[in-house]
$ cat data04.cif   # mmCIF, C-alpha atoms
data_structure
#
loop_
_atom_site.group_PDB
_atom_site.id
_atom_site.type_symbol
_atom_site.label_atom_id
_atom_site.label_comp_id
_atom_site.auth_asym_id
_atom_site.auth_seq_id
_atom_site.Cartn_x
_atom_site.Cartn_y
_atom_site.Cartn_z
ATOM 1 C CA MET A 1 0.000 0.000 0.000
ATOM 2 C CA ALA A 2 1.319 3.433 -0.909
ATOM 3 C CA LYS A 3 1.686 5.516 2.246
ATOM 4 C CA THR A 4 0.965 8.799 0.445
ATOM 5 C CA LYS A 5 -2.454 7.604 -0.710
ATOM 6 C CA GLY A 6 -5.139 9.886 0.705
ATOM 7 C CA VAL A 7 -2.629 12.357 2.180
ATOM 8 C CA SER A 8 -2.254 15.827 0.694
ATOM 9 C CA LYS A 9 0.966 17.834 0.374
ATOM 10 C CA ARG A 10 -0.546 20.422 2.690
ATOM 11 C CA GLN A 11 -0.905 17.829 5.441
ATOM 12 C CA ILE A 12 2.646 16.542 4.959
ATOM 13 C CA ASN A 13 4.125 20.066 5.015
ATOM 14 C CA ALA A 14 2.146 20.909 8.157
ATOM 15 C CA ILE A 15 3.400 17.742 9.898
ATOM 16 C CA ARG A 16 7.016 18.553 8.973
ATOM 17 C CA SER A 17 6.765 22.117 10.265
ATOM 18 C CA TYR A 18 5.210 20.982 13.579
ATOM 19 C CA ALA A 19 7.804 18.229 13.950
ATOM 20 C CA ARG A 20 10.583 20.796 13.452
ATOM 21 C CA LYS A 21 9.111 22.771 16.324
ATOM 22 C CA GLY A 22 9.417 19.630 18.470
ATOM 23 C CA TYR A 23 5.696 18.940 18.905
ATOM 24 C CA SER A 24 4.556 15.466 19.928
ATOM 25 C CA ALA A 25 2.362 13.347 17.633
ATOM 26 C CA ASN A 26 -0.728 14.013 19.758
ATOM 27 C CA LYS A 27 -0.185 17.756 19.615
ATOM 28 C CA ILE A 28 0.373 17.624 15.845
ATOM 29 C CA GLN A 29 -2.912 15.769 15.450
ATOM 30 C CA GLN A 30 -4.625 18.401 17.576
ATOM 31 C CA LYS A 31 -3.194 21.220 15.430
ATOM 32 C CA LEU A 32 -4.171 19.469 12.199
ATOM 33 C CA ARG A 33 -7.721 19.002 13.445
ATOM 34 C CA GLN A 34 -7.938 22.686 14.256
ATOM 35 C CA ARG A 35 -7.030 23.379 10.617
ATOM 36 C CA HIS A 36 -9.592 20.719 9.469
ATOM 37 C CA ILE A 37 -6.870 18.531 7.941
ATOM 38 C CA GLY A 38 -6.814 15.755 10.540
ATOM 39 C CA MET A 39 -5.748 12.267 9.487
ATOM 40 C CA ARG A 40 -5.556 8.695 10.731
ATOM 41 C CA ARG A 41 -3.144 8.080 13.564
ATOM 42 C CA THR A 42 -1.225 5.253 11.835
ATOM 43 C CA LYS A 43 -0.396 7.433 8.840
ATOM 44 C CA LEU A 44 0.299 10.450 11.015
ATOM 45 C CA LEU A 45 2.823 8.483 13.085
ATOM 46 C CA HIS A 46 4.486 7.270 9.887
ATOM 47 C CA TYR A 47 5.033 10.871 8.670
ATOM 48 C CA VAL A 48 6.069 12.110 12.122
ATOM 49 C CA ARG A 49 8.706 9.370 12.241
ATOM 50 C CA GLN A 50 9.905 10.384 8.770
ATOM 51 C CA ALA A 51 10.155 14.035 9.817
ATOM 52 C CA LYS A 52 11.971 13.219 13.069
ATOM 53 C CA HIS A 53 14.212 10.561 11.429
ATOM 54 C CA LYS A 54 13.117 7.859 13.847
ATOM 55 C CA ARG A 55 12.424 4.166 13.358
ATOM 56 C CA ALA A 56 9.302 2.363 14.492
ATOM 57 C CA ARG A 57 9.798 0.497 17.781
ATOM 58 C CA PRO A 58 10.270 -3.255 17.503
ATOM 59 C CA HIS A 59 7.788 -5.710 19.110
ATOM 60 C CA VAL A 60 4.951 -3.209 19.304
ATOM 61 C CA GLN A 61 2.494 -5.995 20.047
ATOM 62 C CA LYS A 62 3.930 -6.489 23.537
ATOM 63 C CA HIS A 63 2.447 -3.128 24.619
ATOM 64 C CA ILE A 64 -1.048 -4.311 23.666
ATOM 65 C CA PRO A 65 -3.036 -6.530 26.084
ATOM 66 C CA ARG A 66 -3.081 -10.174 24.960
ATOM 67 C CA GLU A 67 -6.797 -10.342 24.228
ATOM 68 C CA TYR A 68 -6.531 -7.404 21.803
ATOM 69 C CA ARG A 69 -3.391 -8.531 19.996
ATOM 70 C CA ARG A 70 -3.651 -9.466 16.343
ATOM 71 C CA GLN A 71 -3.061 -13.110 15.535
ATOM 72 C CA THR A 72 0.306 -13.141 13.799
ATOM 73 C CA THR A 73 1.035 -15.701 11.122
ATOM 74 C CA TYR A 74 3.633 -18.386 11.746
ATOM 75 C CA THR A 75 6.927 -17.929 9.949
ATOM 76 C CA PRO A 76 8.696 -21.236 9.358
ATOM 77 C CA ALA A 77 12.124 -21.693 10.893
ATOM 78 C CA PRO A 78 14.793 -21.788 8.179
ATOM 79 C CA LYS A 79 16.059 -25.308 8.985
ATOM 80 C CA ILE A 80 15.878 -26.503 5.424
ATOM 81 C CA GLY A 81 16.360 -23.127 3.760
ATOM 82 C CA ILE A 82 13.688 -20.692 2.714
ATOM 83 C CA PHE A 83 14.201 -21.153 -1.017
ATOM 84 C CA ALA A 84 14.690 -24.934 -0.919
ATOM 85 C CA LYS A 85 12.309 -27.271 -2.676
ATOM 86 C CA GLN A 86 11.039 -30.344 -0.871
ATOM 87 C CA ILE A 87 10.166 -33.464 -2.836
ATOM 88 C CA ALA A 88 9.155 -36.883 -1.528
ATOM 89 C CA CYS A 89 9.654 -40.044 -3.587
ATOM 90 C CA TYR A 90 7.944 -43.205 -2.467
ATOM 91 C CA GLY A 91 7.294 -46.644 -3.810
ATOM 92 C CA SER A 92 7.893 -50.247 -2.881
ATOM 93 C CA GLU A 93 10.696 -52.730 -3.247
ATOM 94 C CA HIS A 94 9.792 -56.438 -3.001
ATOM 95 C CA GLY A 95 6.426 -55.434 -1.544
ATOM 96 C CA LYS A 96 7.993 -53.323 1.203
ATOM 97 C CA SER A 97 7.156 -49.645 1.082
ATOM 98 C CA LYS A 98 10.088 -47.228 1.011
ATOM 99 C CA ARG A 99 10.157 -43.465 1.148
ATOM 100 C CA ILE A 100 12.805 -40.820 0.678
ATOM 101 C CA GLN A 101 12.236 -37.137 1.464
ATOM 102 C CA MET A 102 14.674 -34.768 -0.195
ATOM 103 C CA PHE A 103 15.239 -31.047 -0.029
ATOM 104 C CA GLY A 104 17.629 -28.682 -1.755
ATOM 105 C CA SER A 105 18.078 -26.319 -4.650
ATOM 106 C CA GLY A 106 16.413 -27.047 -7.984
ATOM 107 C CA ARG A 107 19.407 -28.361 -9.930
ATOM 108 C CA GLN A 108 20.717 -30.632 -7.167
ATOM 109 C CA LEU A 109 17.257 -31.896 -6.435
ATOM 110 C CA TYR A 110 16.707 -32.691 -10.099
ATOM 111 C CA GLU A 111 19.901 -34.764 -10.231
ATOM 112 C CA ALA A 112 19.026 -36.508 -6.964
ATOM 113 C CA MET A 113 15.564 -37.363 -8.322
ATOM 114 C CA GLN A 114 17.161 -38.908 -11.405
ATOM 115 C CA ILE A 115 19.249 -41.203 -9.213
ATOM 116 C CA VAL A 116 16.443 -42.029 -6.786
ATOM 117 C CA SER A 117 14.036 -42.875 -9.616
ATOM 118 C CA LYS A 118 16.375 -45.766 -10.503
ATOM 119 C CA HIS A 119 17.502 -46.990 -7.090
ATOM 120 C CA PRO A 120 15.480 -47.218 -3.847
ATOM 121 C CA PRO A 121 16.958 -46.159 -0.487
ATOM 122 C CA LYS A 122 18.540 -48.630 1.937
ATOM 123 C CA LYS A 123 16.424 -47.407 4.855
ATOM 124 C CA GLN A 124 12.651 -47.660 4.827
ATOM 125 C CA PHE A 125 12.283 -43.960 5.646
ATOM 126 C CA LEU A 126 14.938 -41.372 4.836
ATOM 127 C CA THR A 127 15.033 -37.570 4.990
ATOM 128 C CA ILE A 128 18.135 -36.132 3.374
ATOM 129 C CA SER A 129 19.431 -33.073 1.542
ATOM 130 C CA SER A 130 19.993 -33.552 -2.168
ATOM 131 C CA GLU A 131 23.562 -32.291 -1.750
ATOM 132 C CA ALA A 132 24.450 -35.066 0.744
ATOM 133 C CA LEU A 133 22.776 -37.668 -1.452
ATOM 134 C CA LEU A 134 24.721 -36.604 -4.531
ATOM 135 C CA GLU A 135 28.017 -36.680 -2.635
ATOM 136 C CA SER A 136 27.731 -40.346 -1.687
ATOM 137 C CA PRO A 137 24.712 -42.089 -3.255
ATOM 138 C CA GLU A 138 26.127 -45.579 -2.454
ATOM 139 C CA GLU A 139 25.841 -44.826 1.249
ATOM 140 C CA PHE A 140 22.089 -44.202 1.102
ATOM 141 C CA LEU A 141 20.801 -46.054 -1.977
ATOM 142 C CA GLU A 142 20.597 -49.722 -2.909
ATOM 143 C CA ARG A 143 21.394 -51.325 -6.247
ATOM 144 C CA GLY A 144 17.893 -52.799 -6.524
ATOM 145 C CA HIS A 145 14.884 -51.481 -8.413
ATOM 146 C CA TRP A 146 11.489 -50.149 -7.475
ATOM 147 C CA ASP A 147 8.478 -52.459 -7.866
ATOM 148 C CA ALA A 148 6.430 -51.927 -11.009
ATOM 149 C CA ARG A 149 3.148 -51.563 -9.121
ATOM 150 C CA PRO A 150 3.625 -49.749 -5.835
ATOM 151 C CA ARG A 151 1.195 -50.229 -2.964
ATOM 152 C CA VAL A 152 1.932 -47.204 -0.850
ATOM 153 C CA GLU A 153 0.022 -44.441 0.871
ATOM 154 C CA SER A 154 0.771 -40.754 0.887
ATOM 155 C CA MET B 1 -1.254 -28.220 -18.722
ATOM 156 C CA ARG B 2 -1.956 -31.576 -20.294
ATOM 157 C CA ASP B 3 -1.423 -33.632 -17.166
ATOM 158 C CA GLN B 4 -3.506 -36.552 -18.281
ATOM 159 C CA GLU B 5 -1.459 -37.076 -21.440
ATOM 160 C CA LEU B 6 1.797 -37.548 -19.564
ATOM 161 C CA LYS B 7 2.967 -41.136 -19.459
ATOM 162 C CA VAL B 8 5.555 -41.506 -16.765
ATOM 163 C CA ASN B 9 7.264 -44.263 -14.876
ATOM 164 C CA THR B 10 4.553 -45.548 -12.560
ATOM 165 C CA SER B 11 6.915 -47.488 -10.338
ATOM 166 C CA LEU B 12 7.776 -44.425 -8.284
ATOM 167 C CA VAL B 13 5.488 -41.785 -6.838
ATOM 168 C CA PHE B 14 6.561 -38.182 -6.411
ATOM 169 C CA GLY B 15 4.969 -35.860 -3.899
ATOM 170 C CA ASP B 16 5.310 -32.607 -2.022
ATOM 171 C CA TRP B 17 6.231 -32.741 1.672
ATOM 172 C CA ASP B 18 6.872 -30.381 4.586
ATOM 173 C CA THR B 19 5.559 -29.695 8.075
ATOM 174 C CA GLU B 20 4.310 -26.126 7.574
ATOM 175 C CA THR B 21 1.571 -26.745 5.015
ATOM 176 C CA ILE B 22 -1.829 -28.164 5.944
ATOM 177 C CA ARG B 23 -2.795 -30.870 3.476
ATOM 178 C CA LEU B 24 -5.809 -33.163 3.410
ATOM 179 C CA ASP B 25 -6.372 -36.261 1.289
ATOM 180 C CA TRP B 26 -10.081 -36.973 0.834
ATOM 181 C CA ASP B 27 -10.084 -40.551 -0.430
ATOM 182 C CA ASP B 28 -13.444 -41.607 -1.927
ATOM 183 C CA ALA B 29 -15.122 -38.358 -0.922
ATOM 184 C CA PRO B 30 -18.930 -38.331 -1.201
ATOM 185 C CA SER B 31 -18.859 -35.196 -3.383
ATOM 186 C CA LEU B 32 -16.775 -32.162 -4.255
ATOM 187 C CA ASP B 33 -19.290 -29.984 -2.415
ATOM 188 C CA GLU B 34 -18.574 -31.746 0.866
ATOM 189 C CA VAL B 35 -14.834 -31.268 0.384
ATOM 190 C CA LYS B 36 -15.463 -27.581 -0.340
ATOM 191 C CA LEU B 37 -17.684 -27.256 2.722
ATOM 192 C CA TRP B 38 -15.055 -28.659 5.102
ATOM 193 C CA SER B 39 -12.315 -26.628 3.435
ATOM 194 C CA TYR B 40 -14.362 -23.435 3.861
ATOM 195 C CA ARG B 41 -15.070 -24.311 7.492
ATOM 196 C CA ALA B 42 -11.409 -24.969 8.253
ATOM 197 C CA THR B 43 -10.347 -21.798 6.416
ATOM 198 C CA PHE B 44 -12.710 -19.555 8.392
ATOM 199 C CA PHE B 45 -12.308 -21.345 11.721
ATOM 200 C CA PHE B 46 -8.480 -21.404 11.708
ATOM 201 C CA LYS B 47 -7.884 -18.299 9.512
ATOM 202 C CA LEU B 48 -6.037 -20.216 6.794
ATOM 203 C CA GLU B 49 -6.516 -17.495 4.122
ATOM 204 C CA GLY B 50 -7.292 -19.798 1.181
ATOM 205 C CA PHE B 51 -7.147 -23.287 -0.258
ATOM 206 C CA ILE B 52 -6.793 -25.244 -3.466
ATOM 207 C CA ILE B 53 -8.542 -28.521 -4.332
ATOM 208 C CA SER B 54 -7.188 -30.994 -6.849
ATOM 209 C CA GLU B 55 -8.893 -34.162 -8.027
ATOM 210 C CA SER B 56 -6.496 -37.065 -7.697
ATOM 211 C CA SER B 57 -8.615 -39.908 -9.096
ATOM 212 C CA HIS B 58 -12.214 -40.978 -9.652
ATOM 213 C CA LYS B 59 -14.264 -44.155 -9.828
ATOM 214 C CA ASN B 60 -17.482 -44.756 -11.746
ATOM 215 C CA TYR B 61 -19.987 -47.165 -10.267
ATOM 216 C CA VAL B 62 -22.789 -48.439 -12.509
ATOM 217 C CA VAL B 63 -25.653 -50.689 -11.336
ATOM 218 C CA THR B 64 -27.201 -52.618 -14.238
ATOM 219 C CA GLN B 65 -29.799 -55.335 -14.553
ATOM 220 C CA LYS B 66 -30.659 -56.947 -17.873
ATOM 221 C CA ARG B 67 -28.536 -54.357 -19.689
ATOM 222 C CA LYS B 68 -30.529 -51.538 -18.139
ATOM 223 C CA VAL B 69 -28.632 -48.943 -16.144
ATOM 224 C CA PHE B 70 -30.371 -48.380 -12.825
ATOM 225 C CA PHE B 71 -27.901 -46.211 -11.034
ATOM 226 C CA ARG B 72 -24.696 -44.320 -11.789
ATOM 227 C CA LEU B 73 -22.384 -43.028 -9.107
ATOM 228 C CA ARG B 74 -19.138 -41.122 -9.485
ATOM 229 C CA LYS B 75 -16.822 -41.040 -6.511
ATOM 230 C CA ALA B 76 -13.590 -39.082 -6.553
ATOM 231 C CA SER B 77 -10.583 -38.496 -4.349
ATOM 232 C CA TYR B 78 -9.463 -34.953 -3.675
ATOM 233 C CA HIS B 79 -6.383 -33.266 -2.255
ATOM 234 C CA VAL B 80 -6.753 -29.984 -0.362
ATOM 235 C CA VAL B 81 -3.838 -27.639 0.356
ATOM 236 C CA PHE B 82 -4.234 -24.527 2.518
ATOM 237 C CA ASN B 83 -2.384 -21.254 2.053
ATOM 238 C CA SER B 84 -1.383 -20.195 5.543
ATOM 239 C CA PRO B 85 1.927 -21.528 6.983
ATOM 240 C CA VAL B 86 1.575 -23.137 10.423
ATOM 241 C CA ASP B 87 3.798 -25.032 12.842
ATOM 242 C CA TRP B 88 3.529 -28.825 13.083
ATOM 243 C CA GLY B 89 1.388 -28.750 16.236
ATOM 244 C CA ARG B 90 -1.182 -26.507 14.588
ATOM 245 C CA ASN B 91 -1.019 -28.598 11.419
ATOM 246 C CA VAL B 92 -1.899 -31.782 13.316
ATOM 247 C CA HIS B 93 -4.639 -29.899 15.165
ATOM 248 C CA VAL B 94 -6.331 -28.759 11.935
ATOM 249 C CA MET B 95 -5.957 -32.097 10.129
ATOM 250 C CA ASN B 96 -7.434 -34.004 13.082
ATOM 251 C CA TRP B 97 -10.232 -31.487 13.545
ATOM 252 C CA VAL B 98 -11.395 -31.900 9.942
ATOM 253 C CA ALA B 99 -10.947 -35.680 10.010
ATOM 254 C CA LEU B 100 -12.954 -36.105 13.208
ATOM 255 C CA GLU B 101 -15.697 -33.601 12.459
ATOM 256 C CA SER B 102 -16.269 -34.795 8.899
ATOM 257 C CA GLY B 103 -16.390 -38.466 9.928
ATOM 258 C CA ASN B 104 -14.483 -39.606 6.841
ATOM 259 C CA GLU B 105 -12.638 -42.807 7.751
ATOM 260 C CA ASN B 106 -10.197 -42.569 4.823
ATOM 261 C CA LEU B 107 -9.240 -39.051 5.832
ATOM 262 C CA ARG B 108 -8.656 -40.234 9.424
ATOM 263 C CA ARG B 109 -6.379 -42.953 8.102
ATOM 264 C CA TYR B 110 -4.453 -40.388 6.057
ATOM 265 C CA VAL B 111 -4.030 -38.138 9.112
ATOM 266 C CA ARG B 112 -2.769 -41.055 11.219
ATOM 267 C CA MET B 113 -0.217 -41.837 8.528
ATOM 268 C CA GLN B 114 1.001 -38.221 8.514
ATOM 269 C CA CYS B 115 1.295 -38.274 12.309
ATOM 270 C CA ILE B 116 3.471 -41.390 12.107
ATOM 271 C CA LYS B 117 5.757 -39.756 9.523
ATOM 272 C CA GLU B 118 5.685 -36.342 11.262
ATOM 273 C CA THR B 119 5.396 -34.630 7.883
ATOM 274 C CA SER B 120 2.460 -34.184 5.545
ATOM 275 C CA THR B 121 2.643 -35.315 1.934
ATOM 276 C CA VAL B 122 0.399 -35.301 -1.105
ATOM 277 C CA ARG B 123 0.955 -37.042 -4.397
ATOM 278 C CA MET B 124 1.839 -35.058 -7.511
ATOM 279 C CA SER B 125 2.666 -37.724 -10.079
ATOM 280 C CA ARG B 126 0.918 -40.837 -11.341
ATOM 281 C CA LYS B 127 0.432 -43.813 -9.054
ATOM 282 C CA GLY B 128 -0.430 -47.056 -10.803
ATOM 283 C CA LYS B 129 -3.566 -46.348 -12.798
ATOM 284 C CA LYS B 130 -4.295 -43.102 -10.971
ATOM 285 C CA PRO B 131 -3.594 -39.999 -13.066
ATOM 286 C CA ILE B 132 -1.720 -36.849 -12.089
ATOM 287 C CA PRO B 133 -3.919 -34.723 -9.750
ATOM 288 C CA LYS B 134 -5.826 -32.021 -11.586
ATOM 289 C CA ILE B 135 -6.721 -28.666 -10.034
ATOM 290 C CA VAL B 136 -10.503 -28.262 -9.832
ATOM 291 C CA PHE B 137 -11.148 -25.440 -7.386
ATOM 292 C CA ARG B 138 -9.393 -22.469 -5.792
ATOM 293 C CA TYR B 139 -10.475 -20.083 -3.072
ATOM 294 C CA GLY B 140 -8.900 -17.090 -1.302
ATOM 295 C CA LEU B 141 -5.259 -16.096 -1.192
ATOM 296 C CA GLN B 142 -2.752 -18.270 -3.053
ATOM 297 C CA ASP B 143 0.476 -16.434 -2.291
ATOM 298 C CA LYS B 144 2.216 -18.493 0.407
ATOM 299 C CA MET B 145 2.093 -22.253 0.739
ATOM 300 C CA ILE B 146 -0.129 -22.756 -2.317
ATOM 301 C CA LYS B 147 2.408 -20.843 -4.409
ATOM 302 C CA LYS B 148 5.100 -23.167 -3.078
ATOM 303 C CA TYR B 149 2.915 -26.206 -3.746
ATOM 304 C CA LEU B 150 2.282 -25.120 -7.345
ATOM 305 C CA GLY B 151 5.998 -24.407 -7.838
ATOM 306 C CA ASN B 152 6.900 -27.913 -6.656
ATOM 307 C CA ARG B 153 4.147 -29.354 -8.816
ATOM 308 C CA SER B 154 5.441 -27.722 -11.993
ATOM 309 C CA PHE B 155 8.998 -28.799 -11.013
ATOM 310 C CA ILE B 156 7.946 -32.450 -10.727
ATOM 311 C CA LEU B 157 5.862 -32.379 -13.907
ATOM 312 C CA ASN B 158 8.755 -30.811 -15.847
ATOM 313 C CA PHE B 159 11.072 -33.494 -14.460
ATOM 314 C CA LEU B 160 8.710 -36.272 -15.536
ATOM 315 C CA ARG B 161 8.218 -34.718 -18.966
ATOM 316 C CA LYS B 162 11.956 -34.448 -19.584
ATOM 317 C CA GLU B 163 12.580 -37.975 -18.314
ATOM 318 C CA ARG B 164 9.933 -39.297 -20.657
ATOM 319 C CA ARG B 165 11.600 -37.659 -23.670
ATOM 320 C CA ARG B 166 14.907 -39.379 -22.895
#
$ encode --input "data04.cif" --output "structure tokens"
Amino acid sequence: MAKTKGVSKRQINAIRSYARKGYSANKIQQKLRQRHIGMRRTKLLHYVRQAKHKRARPHVQKHIPREYRRQTTYTPAPKIGIFAKQIACYGSEHGKSKRIQMFGSGRQLYEAMQIVSKHPPKKQFLTISSEALLESPEEFLERGHWDARPRVES
Amino acid sequence: MRDQELKVNTSLVFGDWDTETIRLDWDDAPSLDEVKLWSYRATFFFKLEGFIISESSHKNYVVTQKRKVFFRLRKASYHVVFNSPVDWGRNVHVMNWVALESGNENLRRYVRMQCIKETSTVRMSRKGKKPIPKIVFRYGLQDKMIKKYLGNRSFILNFLRKERRR
């Protein structure tokens, strides 16, 4: 969203002049209202911060009582890497289901998928980075082949 | 995308996995409307922003007697992926909530399987006679986990297409 949307130059100039005088945000709002050019507090604070060369405080939510806090969305921990792709390959070998979960960058993952599509893993369940798999495929993969008709579940 | 025309190696199944995305596998769902209903309910109840439904396979049942068709029934399986990223605890919470409230035994089985693996997975390639899942419905925002899901999907389909040409 553009911050200048719905804010006139007159308002911005007035805020800057009041900020130069050292007025607080509440007093600036009061003055603007007197001149019939009042504005929303969120936008006002944004322009006051700009004029006073100040940053917004971190963790603002902690000042708000818990019941009134906004529900923030979960941000995943970067264990695997934010830009990594995650692909699971599963099938069966001699009627025994086997699964390998890989993650990594596109090119490495592509090469790992080429190898895995030919040879099943030694373990029944394996989670591994494509980089580690490409370094030593003999350590993790068998020489056998996948069954033609897999009976596996997602 | 001509998913149905792709002929790939059916001995191996490729899928998308992680712990942050809520996925549901409605095996033999009564109808698409019921899947939509539960997806809407979960989206509004847990604030999941949006979802995408893909049809993974379908079965046609026909009841005939003396060459006369008495009854036709089409049952399909659907995959649902939600947009909002969540931690694993929340993921299990939502999956179990839908599975228990809807009363779908196949969905419960799927959720149990995901709990055993501690990751959630849905299929993206062929599996035996089942075709590649086809997107049938979208709702709400598609910018987070659905974007990732679609990126992985196109990655796998490109891989299968190139492997087929070899």
$ resolve_selection --input "data04.cif" --expression "the PyMOL selection byres ((chain A and resi 133) around 10)" --output "list in words"
Met102, Gln108, Leu109, Glu111, Ala112, Met113, Ile115, Val116, Ile128, Ser129, Ser130, Glu131, Ala132, Leu134, Glu135, Ser136, Pro137, Glu138, Glu139, Phe140 and Leu141 of chain A
$ write_last_selection --input "data04.cif" --atoms "C-alpha atoms" --output "mmCIF file, in the frame of the given file"
data_model
loop_
_atom_site.group_PDB
_atom_site.id
_atom_site.type_symbol
_atom_site.label_atom_id
_atom_site.label_comp_id
_atom_site.auth_asym_id
_atom_site.auth_seq_id
_atom_site.Cartn_x
_atom_site.Cartn_y
_atom_site.Cartn_z
ATOM 1 C CA MET A 102 14.674 -34.768 -0.195
ATOM 2 C CA GLN A 108 20.717 -30.632 -7.167
ATOM 3 C CA LEU A 109 17.257 -31.896 -6.435
ATOM 4 C CA GLU A 111 19.901 -34.764 -10.231
ATOM 5 C CA ALA A 112 19.026 -36.508 -6.964
ATOM 6 C CA MET A 113 15.564 -37.363 -8.322
ATOM 7 C CA ILE A 115 19.249 -41.203 -9.213
ATOM 8 C CA VAL A 116 16.443 -42.029 -6.786
ATOM 9 C CA ILE A 128 18.135 -36.132 3.374
ATOM 10 C CA SER A 129 19.431 -33.073 1.542
ATOM 11 C CA SER A 130 19.993 -33.552 -2.168
ATOM 12 C CA GLU A 131 23.562 -32.291 -1.750
ATOM 13 C CA ALA A 132 24.450 -35.066 0.744
ATOM 14 C CA LEU A 134 24.721 -36.604 -4.531
ATOM 15 C CA GLU A 135 28.017 -36.680 -2.635
ATOM 16 C CA SER A 136 27.731 -40.346 -1.687
ATOM 17 C CA PRO A 137 24.712 -42.089 -3.255
ATOM 18 C CA GLU A 138 26.127 -45.579 -2.454
ATOM 19 C CA GLU A 139 25.841 -44.826 1.249
ATOM 20 C CA PHE A 140 22.089 -44.202 1.102
ATOM 21 C CA LEU A 141 20.801 -46.054 -1.977
#
$ closest_residue --input "data04.cif" --among "B:Gln114, B:Gly89, B:Glu163, B:Ser84" --to "Phe44 in chain B" --atoms "only C-alpha atoms"
B:Ser84
$ resolve_selection --input "data04.cif" --expression "the PyMOL selection byres ((chain A and resi 44) around 10)" --output "PyMOL selection string"
chain A and resi 7+11-12+15+25-26+28-29+38-43+45-50
$ write_last_selection --input "data04.cif" --atoms "C-alpha atoms" --output "PDB file, in the frame of the given file"
ATOM      1  CA  VAL A   7      -2.629  12.357   2.180  1.00  0.00           C
ATOM      2  CA  GLN A  11      -0.905  17.829   5.441  1.00  0.00           C
ATOM      3  CA  ILE A  12       2.646  16.542   4.959  1.00  0.00           C
ATOM      4  CA  ILE A  15       3.400  17.742   9.898  1.00  0.00           C
ATOM      5  CA  ALA A  25       2.362  13.347  17.633  1.00  0.00           C
ATOM      6  CA  ASN A  26      -0.728  14.013  19.758  1.00  0.00           C
ATOM      7  CA  ILE A  28       0.373  17.624  15.845  1.00  0.00           C
ATOM      8  CA  GLN A  29      -2.912  15.769  15.450  1.00  0.00           C
ATOM      9  CA  GLY A  38      -6.814  15.755  10.540  1.00  0.00           C
ATOM     10  CA  MET A  39      -5.748  12.267   9.487  1.00  0.00           C
ATOM     11  CA  ARG A  40      -5.556   8.695  10.731  1.00  0.00           C
ATOM     12  CA  ARG A  41      -3.144   8.080  13.564  1.00  0.00           C
ATOM     13  CA  THR A  42      -1.225   5.253  11.835  1.00  0.00           C
ATOM     14  CA  LYS A  43      -0.396   7.433   8.840  1.00  0.00           C
ATOM     15  CA  LEU A  45       2.823   8.483  13.085  1.00  0.00           C
ATOM     16  CA  HIS A  46       4.486   7.270   9.887  1.00  0.00           C
ATOM     17  CA  TYR A  47       5.033  10.871   8.670  1.00  0.00           C
ATOM     18  CA  VAL A  48       6.069  12.110  12.122  1.00  0.00           C
ATOM     19  CA  ARG A  49       8.706   9.370  12.241  1.00  0.00           C
ATOM     20  CA  GLN A  50       9.905  10.384   8.770  1.00  0.00           C
TER      21      GLN A  50
END
$ residues_near_point --input "data04.cif" --point "(-0.2, -34.3, 12.5)" --cutoff "12 Å" --atoms "all atoms listed in the file" --output "number ranges by chain"
B: 18-24, 86-99, 108-121
$ resolve_selection --input "data04.cif" --expression "the PyMOL selection byres ((chain B and resi 12) around 6)" --output "PyMOL selection string"
(chain A and resi 90-91) or (chain B and resi 10-11+13)
$ residues_around --input "data04.cif" --residues "range 69-80 of chain B" --least-positions-apart "3" --cutoff "6 Å" --atoms "all atoms listed in the file" --output "list in words"
Arg23, Leu24, Asp25, Trp26, Asp27, Asp28, Ala29, Ile52, Ile53, Ser54, Glu55, Ser56, Ser57, His58, Lys59, Asn60, Tyr61, Val62, Val63 and Thr64 of chain B
$ closest_residue --input "data04.cif" --among "A:Tyr23, A:Phe125, A:Tyr110, A:Tyr18" --to "Phe155 in chain B" --atoms "all atoms listed in the file"
A:Tyr110
$ closest_residue --input "data04.cif" --among "A:His145, A:Arg151, A:Arg20, A:Lys98" --to "His119 in chain A" --atoms "only C-alpha atoms"
A:His145
$ axis_aligned_box --input "data04.cif" --around "range 143-153 of chain A" --padding-each-side "5 Å" --output "AutoDock Vina command-line options"
--center_x 10.7 --center_y -48.6 --center_z -5.1 --size_x 31.4 --size_y 18.4 --size_z 21.9
$ closest_residue --input "data04.cif" --among "A:Ser8, A:Ser17, A:Ser97, A:Gln86" --to "chain B" --atoms "only C-alpha atoms"
A:Gln86
$ atom_distance --input "data04.cif" --atom1 "CA of Arg107 in chain A" --atom2 "CA of Pro121 in chain A"
20.3 Å
$ atom_distance --input "data04.cif" --atom1 "CA of Ser39 in chain B" --atom2 "CA of Leu107 in chain B"
13.0 Å
$ residues_near_point --input "data04.cif" --point "(14.0, -38.2, -18.0)" --cutoff "12 Å" --atoms "all atoms listed in the file" --output "CSV table (one decimal) with C-alpha atoms, keeping the file's coordinate frame"
chain,number,residue,atom,x,y,z
A,110,TYR,CA,16.7,-32.7,-10.1
A,111,GLU,CA,19.9,-34.8,-10.2
A,113,MET,CA,15.6,-37.4,-8.3
A,114,GLN,CA,17.2,-38.9,-11.4
A,115,ILE,CA,19.2,-41.2,-9.2
A,117,SER,CA,14.0,-42.9,-9.6
A,118,LYS,CA,16.4,-45.8,-10.5
B,7,LYS,CA,3.0,-41.1,-19.5
B,8,VAL,CA,5.6,-41.5,-16.8
B,9,ASN,CA,7.3,-44.3,-14.9
B,156,ILE,CA,7.9,-32.4,-10.7
B,157,LEU,CA,5.9,-32.4,-13.9
B,158,ASN,CA,8.8,-30.8,-15.8
B,159,PHE,CA,11.1,-33.5,-14.5
B,160,LEU,CA,8.7,-36.3,-15.5
B,161,ARG,CA,8.2,-34.7,-19.0
B,162,LYS,CA,12.0,-34.4,-19.6
B,163,GLU,CA,12.6,-38.0,-18.3
B,164,ARG,CA,9.9,-39.3,-20.7
B,165,ARG,CA,11.6,-37.7,-23.7
B,166,ARG,CA,14.9,-39.4,-22.9
